[in-house]
Structures are given as C-alpha cells and as structure tokens.
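Engineer: Below you will find the structure I want to go over with you.
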Number of protein chains: 2
Amino acid sequence: MTDTTYRTSPSFDAATRPSRVDDTTFALELDDQWNGLTGAPLGGLTLASGLRALGEAMPFPDPLVVSAYFLRPARPGEVVADAELVRSGRSLATGQATLAQHDREIMRLLATFGDLGAASGLSSMQSAPPELPAPDACLDPLGGLAFPGVTITDRVEYRFTEPPGWLTGTPSGAPVQTFWMRLRDGTVADLAALTLLVDAAAPAVLELGAAGSSTLELTVHLRGRPTTDWLACRCSTRHLVDGYHEEDFELWDGEGTLVAQSRQLAIALG
Amino acid sequence: MTDTTYRTSPSFDAATRPSRVDDTTFALELDDQWNGLTGAPLGGLTLASGLRALGEAMPFPDPLVVSAYFLRPARPGEVVADAELVRSGRSLATGQATLAQHDREIMRLLATFGDLGAASGLSSMQSAPPELPAPDACLDPLGGLAFPGVTITDRVEYRFTEPPGWLTGTPSGAPVQTFWMRLRDGTVADLAALTLLVDAAAPAVLELGAAGSSTLELTVHLRGRPTTDWLACRCSTRHLVDGYHEEDFELWDGEGTLVAQSRQLAIALG
C-alpha cells in the first residue's frame with residue numbers, strides 16, 4: 001500500500017458537495033470530470049451526491065444501505081436534491097432523496113443510516129478478498145489511454161493483472177473481473193465515495209460482448225470504512241437473460257476488510 | 001413436478017389484494033396466516049401487498065425490480081398504501097409506495113415495472129439451479145411441526161434433502177441452504193408472490209447460531225415467470241460482520257429458469 005493521509009478527496013468533495021437551500025432542499029453541481037463510458041456523469045456520481053445531501057438531513061452519520069433508481073441520464077450542471085427524513089429510530093434512520101435537473105427527476109433514492117462504529121454482534125466471513133499482486137506489481141492498461149468524453153479515468157485509477165478482454169477487443173466470455181481501484185488523488189474513499197466507486201468500473205458484461213449496460217437500479221451495502229487508498233474489487237454477472245442482468249460488486253480494502261457490496265439490475269446494450 | 005393449474009393462489013390473492021380508495025390510495029388487509037418466526041406478518045407479505053397496490057398505478061404489467069425499506073414491524077390488519085407513478089418512459093416505469101398502519105409508516109418501496117415478455121437481447125448464464133432430488137424424494141422436516149405464532153408453514157411448503165441444522169439444534173456453521181419451496185395450495189407463484197417467497201425461508205445465519213435476523217432493506221429482481229409450483233431455492237450469507245449481513249436468495253423454477261434473485265441487508269439477532 002502507498003502512504004495515505006486521511007484527508008477528503010478534494011475533487012470528489014467538490015463534485016458531490018451539497019449546498020443547503022432550505023431545511024430539506026440542497027443544490028448540487030455535477031461536474032464533467034466523472035463521466036463514464038457514455039460520456040455522461042456516472043450514475044454513481046449522482047448517487048454519491050444525493051446520498052451526501054440526504055446525509056445532511058439524517059440524525060446518524062453513516063449510510064448503511066442505499067438503493068438508487070435511475071430515471072433519466074444526468075448531465076453536468078445543477079441538480080436540486082430534496083431530502084426527506086422518513087423514519088428515525090433509536091439507532092437507525094431511513095430517508096429518501098429525489099434528484100432533479102431542470103425540474104425533471106433523474107434519480108430517486110432510499111437509504112438507511114446508522115453508526116457503523118457502534119455495530120456489535122456476530123461475525124463470520126465466508127468469502128475472502130480477491131487474490132491480487134500488490135497494485136504496484138499490476139498493470140495500468142487504462143493509464144494514458146484517451147476515450148472520447150470519458151473522464152472517470154482522470155479521477156479513478158485501476159490496476160489489473162492483465163488487460164481486460166473488452167479493452168483489447170477480445171472479450172473473454174467470462175463476466176468476472178478482479179482488479180484494484182482507487183481515487184487518483186491517493187485519498188482514502190469515504191462511504192459516499194464508495195457508492196461512486198462501485199459504479200466506476202467497466203461492466204462485467206463487456207466480457208460477454210455487450211457494448212455497454214444501462215442501470216435500472218443500484219443498491220449498495222456499506223459495510224466498513226476503508227483504511228487504504230487502494231481497494232480490491234470483484235465484479236461479476238452471473239445471469240444475463242434477454243438483456244437483463246445483475247452486476248455484483250465487492251470492494252475490499254488493503255487490510256482485507258469488506259467495505260462495500262453492491263448489486264444492480266441493468267440492461268446490456270447489444 | 002406435480003400437476004399444476006395456472007390459477008391464482010386464493011390465499012395469497014386474498015392476503016395481498018389492494019382495494020382502491022382513490023386514484024393513488026389503496027387499502028390492504030394483512031391477515032395473520034403468513035406470520036414468520038417473529039410471530040408477525042412476514043416482511044415479504046407487506047412487500048408483496050404494496051407491490052400489488054403500486055402495480056395498479058403503473059402503465060406496465062411486470063415488476064422488474066423492487067426495493068423495500070423496512071421501517072416498523074407490520075401487524076395483521078389494515079394497511080393504507082399510497083402509490084406514486086414517479087416516471088414513465090417508453091418501456092419502463094418507476095413508482096413508489098408508502099405503506100402505513102395507524103398513520104405510522106411501516107414500509108417504503110421503490111420499483112421499476114416493464115414487460116418481461118417483451119425483453120430481448122443477449123443471454124448468458126454463468127450459474128445453474130441447485131441440484132436437488134425431486135421434491136417428492138425430499139424430506140418435509142417442517143411439516144406437522146407447530147411453531148407458536150408461526151403460520152407461514154401453513155401457507156408455504158418446504159422440502160429439504162436433510163433437516164436444516166438450526167431445526168435440530170445443531171447449526172451447521174455453513175450459512176448456505178438449498179431446498180424446494182412452493183405455495184401450499186399448489187398454485188404457481190406470480191411475480192408478486194415471488195417477492196413474498198424470497199422472504200419466506202429461515203435466514204441462513206441461523207446456521208451460524210443466530211437466533212433470528214431483522215431486515216433493513218430487501219431488493220428483489222424479478223427475472224422470469226415460473227412455470228412450476230415447486231421452486232428450487234438457494235439461500236446464503238457470505239459476510240456477517242458485527243451483526244450486519246447480506247442474505248442472497250435465488251428462486252429457480254422446475255424447468256431451470258431463474259425467476260427471482262434477491263438480496264437483503266439485515267441484522268442478526270444474537
């Protein structure tokens with residue numbers, strides 16, 4: 001692992017920082033520095049931004065689970081977030097955020113917040129992080145490549161043991177990928193940033209020859225705070241039927257802690 | 001497979017049927033015949049009921065994905081569902097339902113609807129149904145047992161290759177279970193009933209010694225319409241950390257079609 005300081009990522013913070021308009025309304029400004037393969041801001045950027053806005057309205061610090069329904073593509077520019085505290089209990093609270101651009105709703109999300117640090121109870125792990133050589137011993141096949149309109153590679157850094165098949169024009173037929181990922185500024189991702197990162201890799205169905213994938217819904221479980229900048233990723237699709245597929249994503253920190261687990265339902269593009 | 005007719009389950013229909021109050025409001029009447037291990041109506045019953053109410057407000061027939069946030073335990077009795085069409089597009093529509101008892105919200109859900117029959121695109125399966133002997137060749141370890149307050153076993157039938165460890169007081173330590181399940185009246189589950197069934201089995205963490213599990217959030221992907229009454233189930237938990245765990249659930253019909261895939265975030269009870 002490289003040396004890290006626990007400062008907030010300046011670029012992530014700027015791209016997702018909510019600005020309070022009134023008790024329940026926040027203004028967000030999506031920038032064009034986190035554009036995915038479609039050339040538009042990653043769904044995960046909108047999600048992370050909305051989650052931060054919702055967090056301002058919640059009595060507990062940590063998002064534990066968030067479900068985002070993707071309604072329309074986001075464009076760089078202002079997003080108005082309306083945050084509602086739905087139910088607050090002794091140790092958990094649930095809220096909802098609606099996100100709109102030009103008065104058209106682009107995403108709706110539900111999330112439950114709590115305090116990860118206060119969690120106690122049984123523990124038992126039935127799986128392990130991906131086995132990968134250290135990041136510095138891996139390849140950086142996306143570094144230096146320019147994809148028109150794609151800026152996420154300026155903000156997020158990837159390390160693979162071999163170039164992914166989709167990148168070299170030879171999809172492997174196996175929709176499972178393991179690799180390292182981190183914010184390129186070397187900061188340690190906070191929980192909101194994890195919800196962006198689970199959406200920041202090429203979809204596993206590219207290895208089945210799909211040209212892309214369009215998300216309907218994405219749910220992220222936040223399971224721990226990372227302690228390292230580099231995160232080991234496992235991304236997979238098991239069931240692609242008539243275009244519909246799930247995509248599962250795990251993020252593990254460099255000390256072997258599962259920090260986020262996500263699943264989305266998406267439609268593969270032919 | 002047993003002979004089946006494609007009639008609606010009378011008991012499921014009665015327990016989840018929405019009655020329209022006005023354009024966006026529906027009355028539901030939860031009965032006490034689908035109570036889980038806690039002696040209260042299954043979260044999946046509330047979910048299935050709310051999904052049916054929401055379906056009345058949607059322009060497409062099939063729920064494709066639904067996320068339910070569990071706010072308070074449900075009790076048998078009236079539930080008022082408010083259904084909102086959030087966004088309607090050419091082939092997909094997203095809606096939200098809020099469910100309340102005595103003016104206290106018990107569940108909020110988001111769902112996207114479409115038409116499964118109109119789906120087309122790439123297909124590739126990377127996993128297979130659980131390998132199980134025919135249901136008639138399996139054990140019925142729950143049949144005839146009476147658990148105080150638990151009525152789900154009167155409505156749902158289970159078949160195992162061996163009695164689950166939690167049932168015999170010897171948890172296996174392996175939080176993975178495969179088994180058959182069907183509605184006890186022998187009808188073929190519709191998509192709404194699948195959202196109940198993914199919540200109708202004992203949680204996998206019982207095999208780790210947990211006394212139960214409390215759901216925070218449950219997301220179900222509806223992937224196909226079953227053609228058989230008996231459904232092969234795979235239920236697993238891989239990551240139990242400080243009480244928090246995911247539970248993954250797959251339902252496959254007797255012809256080997258994946259019909260539903262779900263994941264929940266829950267807290268294991270010590």
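Quick note on naming: the chains in the structure tokens go A, B, ... in the order shown, residues restart at 1 in each chain, and ligands are numbered from 1 in order of appearance.
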At a cut-off of 6 Å, can you tabulate as CSV every residue of chain B near chain A together with its closest atom pair and the distance in Å to one decimal, using only C-alpha atoms and ordering rows by chain then number?
Structural biologist:
residue,atom,partner,partner_atom,distance
B:Ala119,CA,A:Asp242,CA,5.6
B:Ser120,CA,A:Asp242,CA,4.4
B:Gly121,CA,A:Gly243,CA,4.1
B:Leu122,CA,A:Gly243,CA,4.8
B:Ser123,CA,A:Val241,CA,4.3
B:Ser124,CA,A:Leu240,CA,5.0
B:Met125,CA,A:His239,CA,4.9
B:Gln126,CA,A:Arg238,CA,4.6
B:Ser127,CA,A:Arg238,CA,6.0
B:Arg238,CA,A:Gln126,CA,4.6
B:His239,CA,A:Met125,CA,4.9
B:Leu240,CA,A:Ser123,CA,4.9
B:Val241,CA,A:Ser123,CA,4.3
B:Asp242,CA,A:Gly121,CA,4.3
B:Gly243,CA,A:Gly121,CA,4.2
Engineer: Which residues are close to A:Cys233, i.e. within 12 Å by only C-alpha atoms, leaving aside same-chain residues fewer than 3 positions away? Reply as a PyMOL selection string.
Structural biologist: chain A and resi 128-132+135+158-160+176-182+194+197-202+204+230+236+248-254+256-262
Engineer: Calculate how many Å separate atom CA of B:Phe12 from atom CA of B:Trp166, rounding to one decimal.
Structural biologist: 27.4 Å
Engineer: Could you jot down the atom CA of B:Pro73 to atom CA of A:Thr98 separation for me, Å, one decimal place?
Structural biologist: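 According to the coordinates, atom CA of B:Pro73 and atom CA of A:Thr98 are separated by 25.5 Å.
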Engineer: Near A:Arg75, within 8 Å and counting only C-alpha atoms, which residues show up once chain neighbours fewer than 5 positions away are dropped, as a compact mmCIF listing (two decimals) with C-alpha atoms, in the first residue's frame?
Structural biologist:
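Result written to around23.txt:
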# COMPACT_ATOMS: atom_id res chain seq x y z
CA LEU A 30 -22.32 17.78 -11.06
CA ALA A 40 -22.26 11.49 -19.22
CA PRO A 41 -21.68 11.73 -15.44
Engineer: Just asking: which residues within stretch 45-263 of chain B are strand (DSSP E) according to DSSP, as a ChimeraX atom specification?
Structural biologist: /B:62-70,77-88,93-101,104-114,124-125,156-159,176-183,212-222,231-236,239-241,244-253,258-263
Engineer: Have a look at atom CA of A:Ser49 and atom CA of A:Ala192 and let me know their distance in Å, one decimal.
Structural biologist: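 A separation of 7.8 Å between them.
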Engineer: For A:His102, work out the shell of residues within 9 Å, counting only C-alpha atoms and skipping chain neighbours fewer than 6 positions away, then give it as a VMD selection string.
Structural biologist: chain A and resid 78 to 80
Engineer: Residues of the last selection are to be written out with N, CA and C atoms, as a short mmCIF file (atom, residue, chain, number, x, y, z; two decimals), in the first residue's frame.
Structural biologist:
data_model
loop_
_atom_site.label_atom_id
_atom_site.label_comp_id
_atom_site.auth_asym_id
_atom_site.auth_seq_id
_atom_site.Cartn_x
_atom_site.Cartn_y
_atom_site.Cartn_z
N GLU A 78 -26.40 21.82 -12.54
CA GLU A 78 -27.07 21.83 -11.24
C GLU A 78 -28.09 20.69 -11.10
N VAL A 79 -28.10 20.13 -9.92
CA VAL A 79 -29.11 19.14 -9.50
C VAL A 79 -29.74 19.67 -8.22
N VAL A 80 -31.05 19.62 -8.17
CA VAL A 80 -31.75 20.00 -6.95
C VAL A 80 -32.16 18.73 -6.21
#
Engineer: Please extract the residues of stretch 3-243 of chain B with a backbone DSSP assignment of alpha helix (DSSP H) and present them as a VMD selection string.
Structural biologist: chain B and resid 10 to 16 43 to 56 152 to 155 165 to 168 191 to 197
Engineer: Using only C-alpha atoms, which residues sit within 12 Å of B:Ala83 once same-chain residues fewer than 5 positions away are excluded, as an MDAnalysis selection string?
Structural biologist: chainID B and resid 18 20:27 49:58 94:100 108:111
Engineer: Would you kindly return, as a PyMOL selection string, each protein, DNA or RNA residue with an atom no farther than 10 Å from any atom of B:Thr38, considering only C-alpha atoms and excluding same-chain residues fewer than 4 positions away?
Structural biologist: chain B and resi 42+73+148-150+212-214
Engineer: As a list in words, please: the residues near B:Ser9 (cut-off 8 Å, only C-alpha atoms, same-chain neighbours under 2 positions excluded).
Structural biologist: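 My reading of the contact set: Arg7, Ser11, Phe12, Asp13, Leu183, Asp185, Gly186, Thr187, Val188 and Ala189 of chain B.
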Engineer: Next, write the just-selected residues to a file, as a PDB file, in the first residue's frame, keeping all heavy atoms as the atom set.
Structural biologist:
ATOM      1  N   ARG B   7     -53.966 -21.141 -11.994  1.00  0.00           N
ATOM      2  CA  ARG B   7     -54.865 -20.262 -11.275  1.00  0.00           C
ATOM      3  C   ARG B   7     -54.077 -19.466 -10.226  1.00  0.00           C
ATOM      4  O   ARG B   7     -53.011 -19.873  -9.784  1.00  0.00           O
ATOM      5  CB  ARG B   7     -55.979 -21.083 -10.607  1.00  0.00           C
ATOM      6  CG  ARG B   7     -55.476 -22.049  -9.566  1.00  0.00           C
ATOM      7  CD  ARG B   7     -56.524 -23.086  -9.172  1.00  0.00           C
ATOM      8  NE  ARG B   7     -55.913 -24.135  -8.377  1.00  0.00           N
ATOM      9  CZ  ARG B   7     -55.778 -24.100  -7.050  1.00  0.00           C
ATOM     10  NH1 ARG B   7     -56.248 -23.084  -6.370  1.00  0.00           N
ATOM     11  NH2 ARG B   7     -55.179 -25.077  -6.403  1.00  0.00           N
ATOM     12  N   SER B  11     -55.362 -17.955  -1.364  1.00  0.00           N
ATOM     13  CA  SER B  11     -54.966 -17.400  -0.070  1.00  0.00           C
ATOM     14  C   SER B  11     -53.999 -16.231  -0.258  1.00  0.00           C
ATOM     15  O   SER B  11     -54.109 -15.201   0.422  1.00  0.00           O
ATOM     16  CB  SER B  11     -54.340 -18.482   0.807  1.00  0.00           C
ATOM     17  OG  SER B  11     -53.247 -19.086   0.151  1.00  0.00           O
ATOM     18  N   PHE B  12     -53.087 -16.355  -1.191  1.00  0.00           N
ATOM     19  CA  PHE B  12     -52.162 -15.246  -1.443  1.00  0.00           C
ATOM     20  C   PHE B  12     -52.919 -14.044  -2.000  1.00  0.00           C
ATOM     21  O   PHE B  12     -52.699 -12.900  -1.597  1.00  0.00           O
ATOM     22  CB  PHE B  12     -51.044 -15.659  -2.400  1.00  0.00           C
ATOM     23  CG  PHE B  12     -50.132 -14.521  -2.772  1.00  0.00           C
ATOM     24  CD1 PHE B  12     -49.163 -14.081  -1.879  1.00  0.00           C
ATOM     25  CD2 PHE B  12     -50.269 -13.864  -3.985  1.00  0.00           C
ATOM     26  CE1 PHE B  12     -48.341 -13.003  -2.199  1.00  0.00           C
ATOM     27  CE2 PHE B  12     -49.443 -12.787  -4.309  1.00  0.00           C
ATOM     28  CZ  PHE B  12     -48.481 -12.361  -3.416  1.00  0.00           C
ATOM     29  N   ASP B  13     -53.829 -14.311  -2.913  1.00  0.00           N
ATOM     30  CA  ASP B  13     -54.604 -13.218  -3.504  1.00  0.00           C
ATOM     31  C   ASP B  13     -55.399 -12.480  -2.432  1.00  0.00           C
ATOM     32  O   ASP B  13     -55.416 -11.246  -2.393  1.00  0.00           O
ATOM     33  CB  ASP B  13     -55.547 -13.763  -4.577  1.00  0.00           C
ATOM     34  CG  ASP B  13     -56.334 -12.655  -5.248  1.00  0.00           C
ATOM     35  OD1 ASP B  13     -55.697 -11.760  -5.836  1.00  0.00           O
ATOM     36  OD2 ASP B  13     -57.574 -12.671  -5.154  1.00  0.00           O
ATOM     37  N   LEU B 183     -46.011 -22.559  -2.811  1.00  0.00           N
ATOM     38  CA  LEU B 183     -47.250 -22.224  -2.120  1.00  0.00           C
ATOM     39  C   LEU B 183     -47.962 -23.537  -1.825  1.00  0.00           C
ATOM     40  O   LEU B 183     -48.075 -24.413  -2.699  1.00  0.00           O
ATOM     41  CB  LEU B 183     -48.110 -21.308  -2.998  1.00  0.00           C
ATOM     42  CG  LEU B 183     -47.514 -19.913  -3.236  1.00  0.00           C
ATOM     43  CD1 LEU B 183     -48.299 -19.164  -4.318  1.00  0.00           C
ATOM     44  CD2 LEU B 183     -47.494 -19.094  -1.937  1.00  0.00           C
ATOM     45  N   ASP B 185     -50.962 -24.338  -1.534  1.00  0.00           N
ATOM     46  CA  ASP B 185     -52.160 -24.683  -2.308  1.00  0.00           C
ATOM     47  C   ASP B 185     -51.816 -25.191  -3.712  1.00  0.00           C
ATOM     48  O   ASP B 185     -52.715 -25.445  -4.518  1.00  0.00           O
ATOM     49  CB  ASP B 185     -53.149 -23.513  -2.354  1.00  0.00           C
ATOM     50  CG  ASP B 185     -52.572 -22.249  -2.989  1.00  0.00           C
ATOM     51  OD1 ASP B 185     -51.549 -22.340  -3.700  1.00  0.00           O
ATOM     52  OD2 ASP B 185     -53.155 -21.169  -2.776  1.00  0.00           O
ATOM     53  N   GLY B 186     -50.537 -25.319  -4.000  1.00  0.00           N
ATOM     54  CA  GLY B 186     -50.126 -25.933  -5.257  1.00  0.00           C
ATOM     55  C   GLY B 186     -50.255 -25.044  -6.481  1.00  0.00           C
ATOM     56  O   GLY B 186     -50.057 -25.506  -7.610  1.00  0.00           O
ATOM     57  N   THR B 187     -50.541 -23.770  -6.265  1.00  0.00           N
ATOM     58  CA  THR B 187     -50.593 -22.858  -7.409  1.00  0.00           C
ATOM     59  C   THR B 187     -49.175 -22.432  -7.796  1.00  0.00           C
ATOM     60  O   THR B 187     -48.230 -22.567  -7.012  1.00  0.00           O
ATOM     61  CB  THR B 187     -51.420 -21.596  -7.077  1.00  0.00           C
ATOM     62  OG1 THR B 187     -50.891 -21.019  -5.888  1.00  0.00           O
ATOM     63  CG2 THR B 187     -52.891 -21.955  -6.862  1.00  0.00           C
ATOM     64  N   VAL B 188     -49.066 -21.912  -9.016  1.00  0.00           N
ATOM     65  CA  VAL B 188     -47.788 -21.391  -9.492  1.00  0.00           C
ATOM     66  C   VAL B 188     -47.689 -19.927  -9.055  1.00  0.00           C
ATOM     67  O   VAL B 188     -48.613 -19.141  -9.300  1.00  0.00           O
ATOM     68  CB  VAL B 188     -47.701 -21.510 -11.030  1.00  0.00           C
ATOM     69  CG1 VAL B 188     -46.425 -20.857 -11.542  1.00  0.00           C
ATOM     70  CG2 VAL B 188     -47.751 -22.974 -11.442  1.00  0.00           C
ATOM     71  N   ALA B 189     -46.592 -19.596  -8.412  1.00  0.00           N
ATOM     72  CA  ALA B 189     -46.435 -18.224  -7.900  1.00  0.00           C
ATOM     73  C   ALA B 189     -46.393 -17.219  -9.042  1.00  0.00           C
ATOM     74  O   ALA B 189     -45.742 -17.460 -10.060  1.00  0.00           O
ATOM     75  CB  ALA B 189     -45.157 -18.124  -7.076  1.00  0.00           C
TER      76      ALA B 189
END
Engineer: Calculated over only C-alpha atoms, which of the candidates B:Ala74, B:Ala146, B:Ala134, B:Ala193 has the smallest distance to B:Arg17?
Structural biologist: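 So, comparing all the options, the nearest one is B:Ala193.
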